[in-house]
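Report on the following structure.
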Amino acid sequence: MNIVGRRNWYFLLSLLIILPGIISMATVGFRLGIDFAGGNQLSLTFKQPIQATAVQKEVDTFNVEGTVQQAGSNQVLITTKPLSNDQEASIRKDLESKFGGITDISTQFVGPLIARELVVGAAGLILIASILIVIYLSIRFSPAFAFCAILALLHDVFVLTGVYSILGKIFNLPLGEINTLFVTAALTVIGFSVHDTIVIFDRIRENLRQASRLTFEQNVNLSIIQSLARSLNTSLTVVFVLVALFLISPTSIKGFTLALLIGIVSGTYSSIFNASPLLVVWRRLNPR
């Protein structure tokens, strides 16, 4: 199995996967959740079963840029731009008259200032994590290994953010909202991806230390093959759990679960087919 020899095909596949997402991010951006955009969120529980589509039609008449998610057979989550107390009361009164009594109401408000602070904080966390990863890999391996790992990591970030841009803005799915849970998932994916890459890098380093007649490219390919079963088995175990969790989880955390699922699959791919083959490209460009 010559994975390294076919590296250009894997690089091309990665480009084809991330390109639509990059275009989407550049043209339409993201569907920001209330955490980052600011606004109101109402959780309403009705006495009888209710459909989110019917509630959405009523909310649209108020022109508050509202989106409605089904949270249960008789429960919906309504997210809107910032509302006054009178506007919020009017919406509740209208929905109660249209669909029957409301048994439970909870509201959440996030102001623009708090939303901006959350955006800056989330970006800062990801930046700090990336810097620490570069430092750690440079010390444990070499700058070349760190550079290739970061490129593979960027691949995973672009895949994840690109998919969510498409889901949230192009398909207008609440599942594609960018919120604090998404940031948590992104940080988890970064950690998983780097861990998977380090496992293969460790194998490469061990094989290079041995008195082998193999070339650098052959050593890298051998290391990938030796680590392949472990990487795939570990990832598949996590994927099976996440698929089950996605199917049974409530609407409020489906986006989080999906982000983890996409990130784990992408991270496994990039660790095997991007990070290590990039080392070969680096060595060819910087022969010793």
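The way I read the labels, and the way they are meant: chains A, B, ... in the order of the structure tokens, residue 1 as the first residue of every chain, and ligand 1 as the first ligand shown, with later ones counted on from there.
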
Selection: 12 Å around range 88-97 of chain A, only C-alpha atoms, excl. self and same-chain fewer than 6 positions, as a CSV table (one decimal) with N, CA and C atoms, in the first residue's frame:
chain,number,residue,atom,x,y,z
A,39,GLY,N,-29.1,38.6,21.3
A,39,GLY,CA,-30.6,38.5,21.0
A,39,GLY,C,-31.3,37.8,22.1
A,40,ASN,N,-32.5,37.4,21.8
A,40,ASN,CA,-33.4,36.7,22.8
A,40,ASN,C,-33.6,35.3,22.4
A,41,GLN,N,-33.8,34.4,23.4
A,41,GLN,CA,-34.2,33.0,23.1
A,41,GLN,C,-35.3,32.7,24.1
A,42,LEU,N,-36.4,32.2,23.5
A,42,LEU,CA,-37.6,31.8,24.3
A,42,LEU,C,-37.8,30.3,24.2
A,43,SER,N,-37.9,29.7,25.3
A,43,SER,CA,-38.3,28.3,25.3
A,43,SER,C,-39.7,28.2,25.8
A,44,LEU,N,-40.6,27.7,24.9
A,44,LEU,CA,-42.0,27.6,25.2
A,44,LEU,C,-42.5,26.2,25.2
A,45,THR,N,-43.2,25.8,26.2
A,45,THR,CA,-43.8,24.5,26.3
A,45,THR,C,-45.3,24.7,26.3
A,46,PHE,N,-46.0,24.0,25.3
A,46,PHE,CA,-47.4,24.1,25.1
A,46,PHE,C,-48.1,23.0,25.7
A,47,LYS,N,-49.4,23.1,25.9
A,47,LYS,CA,-50.2,22.1,26.5
A,47,LYS,C,-50.5,20.9,25.6
A,48,GLN,N,-50.3,21.2,24.3
A,48,GLN,CA,-50.6,20.2,23.3
A,48,GLN,C,-49.4,20.1,22.3
A,50,ILE,N,-47.0,20.5,19.2
A,50,ILE,CA,-46.9,21.7,18.3
A,50,ILE,C,-45.8,21.4,17.2
A,52,ALA,N,-42.9,23.1,14.8
A,52,ALA,CA,-42.0,24.2,14.7
A,52,ALA,C,-42.3,25.1,13.4
A,54,ALA,N,-45.2,25.6,12.0
A,54,ALA,CA,-46.4,26.4,12.2
A,54,ALA,C,-46.1,27.6,13.1
A,55,VAL,N,-45.2,27.4,14.1
A,55,VAL,CA,-44.8,28.5,15.0
A,55,VAL,C,-44.0,29.5,14.2
A,56,GLN,N,-43.1,28.9,13.3
A,56,GLN,CA,-42.3,29.8,12.5
A,56,GLN,C,-43.1,30.8,11.7
A,57,LYS,N,-44.2,30.3,11.1
A,57,LYS,CA,-45.0,31.2,10.3
A,57,LYS,C,-45.6,32.4,11.1
A,58,GLU,N,-45.9,32.1,12.3
A,58,GLU,CA,-46.5,33.1,13.2
A,58,GLU,C,-45.4,34.1,13.6
A,59,VAL,N,-44.2,33.6,14.0
A,59,VAL,CA,-43.1,34.4,14.4
A,59,VAL,C,-42.6,35.3,13.2
A,60,ASP,N,-42.7,34.8,12.0
A,60,ASP,CA,-42.3,35.6,10.8
A,60,ASP,C,-43.1,36.9,10.7
A,61,THR,N,-44.4,36.9,11.2
A,61,THR,CA,-45.2,38.0,11.0
A,61,THR,C,-44.8,39.2,11.9
A,62,PHE,N,-43.9,38.9,12.9
A,62,PHE,CA,-43.5,40.0,13.7
A,62,PHE,C,-42.2,40.7,13.2
A,63,ASN,N,-41.6,40.1,12.2
A,63,ASN,CA,-40.4,40.7,11.6
A,63,ASN,C,-39.3,40.9,12.6
A,64,VAL,N,-39.0,39.8,13.3
A,64,VAL,CA,-37.9,39.9,14.4
A,64,VAL,C,-36.7,39.0,14.0
A,66,GLY,N,-36.6,35.9,13.5
A,66,GLY,CA,-36.7,34.7,14.4
A,66,GLY,C,-36.5,33.4,13.7
A,76,VAL,N,-40.8,24.3,21.8
A,76,VAL,CA,-40.0,25.0,20.7
A,76,VAL,C,-39.1,26.0,21.4
A,78,ILE,N,-37.3,29.5,20.3
A,78,ILE,CA,-37.4,30.7,19.4
A,78,ILE,C,-36.2,31.6,19.7
A,79,THR,N,-35.4,31.8,18.6
A,79,THR,CA,-34.3,32.7,18.7
A,79,THR,C,-34.5,33.9,17.8
A,80,THR,N,-34.4,35.1,18.4
A,80,THR,CA,-34.7,36.3,17.6
A,80,THR,C,-33.6,37.4,17.9
A,81,LYS,N,-33.6,38.5,17.1
A,81,LYS,CA,-32.8,39.6,17.4
A,81,LYS,C,-33.2,40.2,18.7
A,82,PRO,N,-32.4,41.1,19.3
A,82,PRO,CA,-32.8,41.7,20.6
A,82,PRO,C,-34.2,42.3,20.6
A,103,THR,N,-47.5,26.2,29.1
A,103,THR,CA,-47.4,25.7,30.5
A,103,THR,C,-46.0,26.1,31.1
A,104,ASP,N,-45.1,26.4,30.2
A,104,ASP,CA,-43.7,26.8,30.8
A,104,ASP,C,-43.0,27.7,29.8
A,105,ILE,N,-42.4,28.7,30.4
A,105,ILE,CA,-41.7,29.8,29.6
A,105,ILE,C,-40.3,30.0,30.3
A,106,SER,N,-39.3,30.0,29.5
A,106,SER,CA,-38.0,30.5,30.0
A,106,SER,C,-37.4,31.3,28.9
A,107,THR,N,-36.7,32.4,29.3
A,107,THR,CA,-36.1,33.3,28.4
A,107,THR,C,-34.6,33.5,28.7
A,108,GLN,N,-33.9,33.9,27.6
A,108,GLN,CA,-32.5,34.2,27.8
A,108,GLN,C,-32.2,35.4,26.9
A,109,PHE,N,-31.4,36.3,27.4
A,109,PHE,CA,-31.0,37.5,26.6
A,109,PHE,C,-29.5,37.6,26.6

So which residues touch Leu160 in chain A within 8 Å, counting only C-alpha atoms, skipping near sequence neighbours fewer than 2 positions away, as a CSV table (one decimal) with N, CA and C atoms, in the first residue's frame?
chain,number,residue,atom,x,y,z
A,156,ASP,N,-8.6,20.4,9.0
A,156,ASP,CA,-9.7,20.0,9.8
A,156,ASP,C,-10.6,21.2,10.1
A,157,VAL,N,-9.9,22.3,10.5
A,157,VAL,CA,-10.7,23.5,10.8
A,157,VAL,C,-11.5,24.0,9.7
A,158,PHE,N,-10.9,24.0,8.5
A,158,PHE,CA,-11.6,24.5,7.3
A,158,PHE,C,-12.8,23.6,6.9
A,162,GLY,N,-16.3,25.1,7.2
A,162,GLY,CA,-17.0,25.2,5.9
A,162,GLY,C,-18.3,24.5,5.9
A,163,VAL,N,-18.3,23.3,6.5
A,163,VAL,CA,-19.6,22.5,6.5
A,163,VAL,C,-20.6,23.3,7.3
A,164,TYR,N,-20.3,23.9,8.4
A,164,TYR,CA,-21.2,24.7,9.2
A,164,TYR,C,-21.7,26.0,8.5
A,186,ALA,N,-14.9,22.4,18.4
A,186,ALA,CA,-13.7,22.7,17.6
A,186,ALA,C,-12.4,22.5,18.4
A,259,ALA,N,-20.6,18.5,15.0
A,259,ALA,CA,-19.3,19.1,14.9
A,259,ALA,C,-18.2,18.1,15.3
A,262,ILE,N,-18.0,15.3,12.5
A,262,ILE,CA,-17.2,15.8,11.3
A,262,ILE,C,-15.8,16.0,11.6
A,263,GLY,N,-15.4,16.5,12.7
A,263,GLY,CA,-14.1,16.8,13.1
A,263,GLY,C,-13.2,15.5,13.3

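Every protein, DNA or RNA residue with an atom at most 9 Å from Ile272 in chain A, where only C-alpha atoms count and chain neighbours fewer than 4 positions away do not, is listed here: Ile3, Asp196, Thr197, Ile200, Ile224, Ser227, Leu228, Ser231, Gly267, Thr268, Ser276 and Pro277 of chain A.
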
*asked:* Set the distance at 8 Å and use only C-alpha atoms: which residues neighbour range 177-182 of chain A once local chain neighbours fewer than 3 positions away are removed? I'd like the list as a PyMOL selection string.
replied: chain A and resi 30-36+122+164+168+173-174+185-186+253+255-256+259

Could the residues in this selection be saved with N, CA and C atoms as a short mmCIF file (atom, residue, chain, number, x, y, z; two decimals), in the first residue's frame?
data_model
loop_
_atom_site.label_atom_id
_atom_site.label_comp_id
_atom_site.auth_asym_id
_atom_site.auth_seq_id
_atom_site.Cartn_x
_atom_site.Cartn_y
_atom_site.Cartn_z
N PHE A 30 -21.33 32.97 8.33
CA PHE A 30 -21.85 31.96 9.25
C PHE A 30 -23.21 32.36 9.81
N ARG A 31 -23.93 31.35 10.22
CA ARG A 31 -25.16 31.59 10.98
C ARG A 31 -24.79 31.58 12.46
N LEU A 32 -24.72 32.76 13.04
CA LEU A 32 -24.28 32.88 14.43
C LEU A 32 -25.42 32.62 15.39
N GLY A 33 -25.13 31.84 16.42
CA GLY A 33 -26.12 31.59 17.46
C GLY A 33 -26.24 32.80 18.37
N ILE A 34 -27.16 32.72 19.30
CA ILE A 34 -27.42 33.85 20.20
C ILE A 34 -26.18 34.19 21.03
N ASP A 35 -25.31 33.19 21.28
CA ASP A 35 -24.10 33.44 22.07
C ASP A 35 -23.22 34.50 21.43
N PHE A 36 -23.12 34.46 20.08
CA PHE A 36 -22.21 35.35 19.37
C PHE A 36 -22.92 36.52 18.69
N ALA A 122 -13.45 33.25 22.15
CA ALA A 122 -13.40 31.98 21.41
C ALA A 122 -12.22 31.97 20.44
N TYR A 164 -20.26 23.94 8.37
CA TYR A 164 -21.23 24.68 9.17
C TYR A 164 -21.68 25.97 8.48
N GLY A 168 -25.57 26.28 7.83
CA GLY A 168 -26.25 27.38 8.50
C GLY A 168 -26.76 28.47 7.58
N LEU A 173 -30.15 25.81 8.14
CA LEU A 173 -30.48 24.83 9.17
C LEU A 173 -29.98 25.30 10.53
N PRO A 174 -30.83 25.28 11.55
CA PRO A 174 -30.38 25.63 12.91
C PRO A 174 -29.21 24.77 13.38
N ALA A 185 -16.56 22.05 20.65
CA ALA A 185 -16.33 20.92 19.75
C ALA A 185 -15.08 21.14 18.91
N ALA A 186 -14.87 22.37 18.43
CA ALA A 186 -13.70 22.67 17.61
C ALA A 186 -12.40 22.45 18.39
N ILE A 253 -28.22 19.94 21.50
CA ILE A 253 -26.81 19.52 21.41
C ILE A 253 -26.50 18.73 20.14
N GLY A 255 -26.07 19.94 17.17
CA GLY A 255 -25.03 20.67 16.45
C GLY A 255 -23.65 20.37 17.02
N PHE A 256 -23.56 20.30 18.34
CA PHE A 256 -22.30 19.97 19.02
C PHE A 256 -21.84 18.57 18.63
N ALA A 259 -20.65 18.45 15.00
CA ALA A 259 -19.33 19.07 14.85
C ALA A 259 -18.22 18.09 15.27
#

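You will find CA of His155 in chain A at 10.5 Å from CA of Leu19 in chain A.
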
*Please give the complete set of residues from range 18-257 of chain A that DSSP, run on the backbone, assigns to alpha helix (DSSP H), formatted as a PyMOL selection string.*
chain A and resi 18-27+34-37+52-60+85-99+112-140+143-165+180-209+216-248+251-257

_Using only C-alpha atoms, can you tell me which of A:Lys254, A:Leu222, A:Val265, A:Ser271 comes closest to Thr237 in chain A?_
A:Val265

*Which one is closest to Asp202 in chain A: A:Lys169, A:Arg230, A:Arg140, A:Arg284? Count only C-alpha atoms.*
A:Arg140

*asked:* DSSP on the backbone: which residues in range 7-203 of chain A end up as strand (DSSP E or B)? Give the answer as a ChimeraX atom specification.
replied: /A:31-32,39-46,67-72,75-80,102-110,177-178

_So that I can check the surroundings of range 213-220 of chain A, please list as an MDAnalysis selection string every protein, DNA and RNA residue that reaches within 6 Å of it, counting only C-alpha atoms and ignoring chain neighbours fewer than 2 positions away._
chainID A and resid 204 222:223 280

Residues of the last selection are to be written out with C-alpha atoms, as a JSON list (two decimals), in the first residue's frame.
[["chain", "number", "residue", "atom", "x", "y", "z"],
["A", 204, "ILE", "CA", 8.11, 7.74, 11.92],
["A", 222, "LEU", "CA", 5.83, 2.17, 6.44],
["A", 223, "SER", "CA", 5.04, 4.17, 9.58],
["A", 280, "VAL", "CA", 7.90, 13.95, 2.48]]

*Find, counting only C-alpha atoms, the residue in A:Ser235, A:Asn286, A:Ser165, A:Asn207 that gets nearest to Ala26 in chain A.*
A:Ser165

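Among the candidates A:Leu208, A:Ala71, A:Ile17, A:Leu12, the one nearest to Thr161 in chain A when counting only C-alpha atoms is A:Ile17.
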
_Who sits within 7 Å of range 123-138 of chain A, only C-alpha atoms, same chain under 6 positions skipped, as a list in words_ =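 Once the adjacent positions are removed, what remains is Phe145, Ala146 and Leu187 of chain A.
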
Go ahead and save the picked residues with C-alpha atoms, as a PDB file, in the first residue's frame.
ATOM      1  CA  PHE A 145       6.864  18.105  12.034  1.00  0.00           C
ATOM      2  CA  ALA A 146       5.096  21.026  13.729  1.00  0.00           C
ATOM      3  CA  LEU A 187     -11.187  22.679  20.475  1.00  0.00           C
TER       4      LEU A 187
END

*Selected residue, from A:Leu175, A:Leu236, A:Leu278, A:Val241, that lies nearest to Gln70 in chain A when counting only C-alpha atoms*: A:Leu175

_Distance criterion (only C-alpha atoms): nearest to Val110 in chain A out of A:Gly72, A:Leu261, A:Phe240, A:Gly38_ = A:Gly38
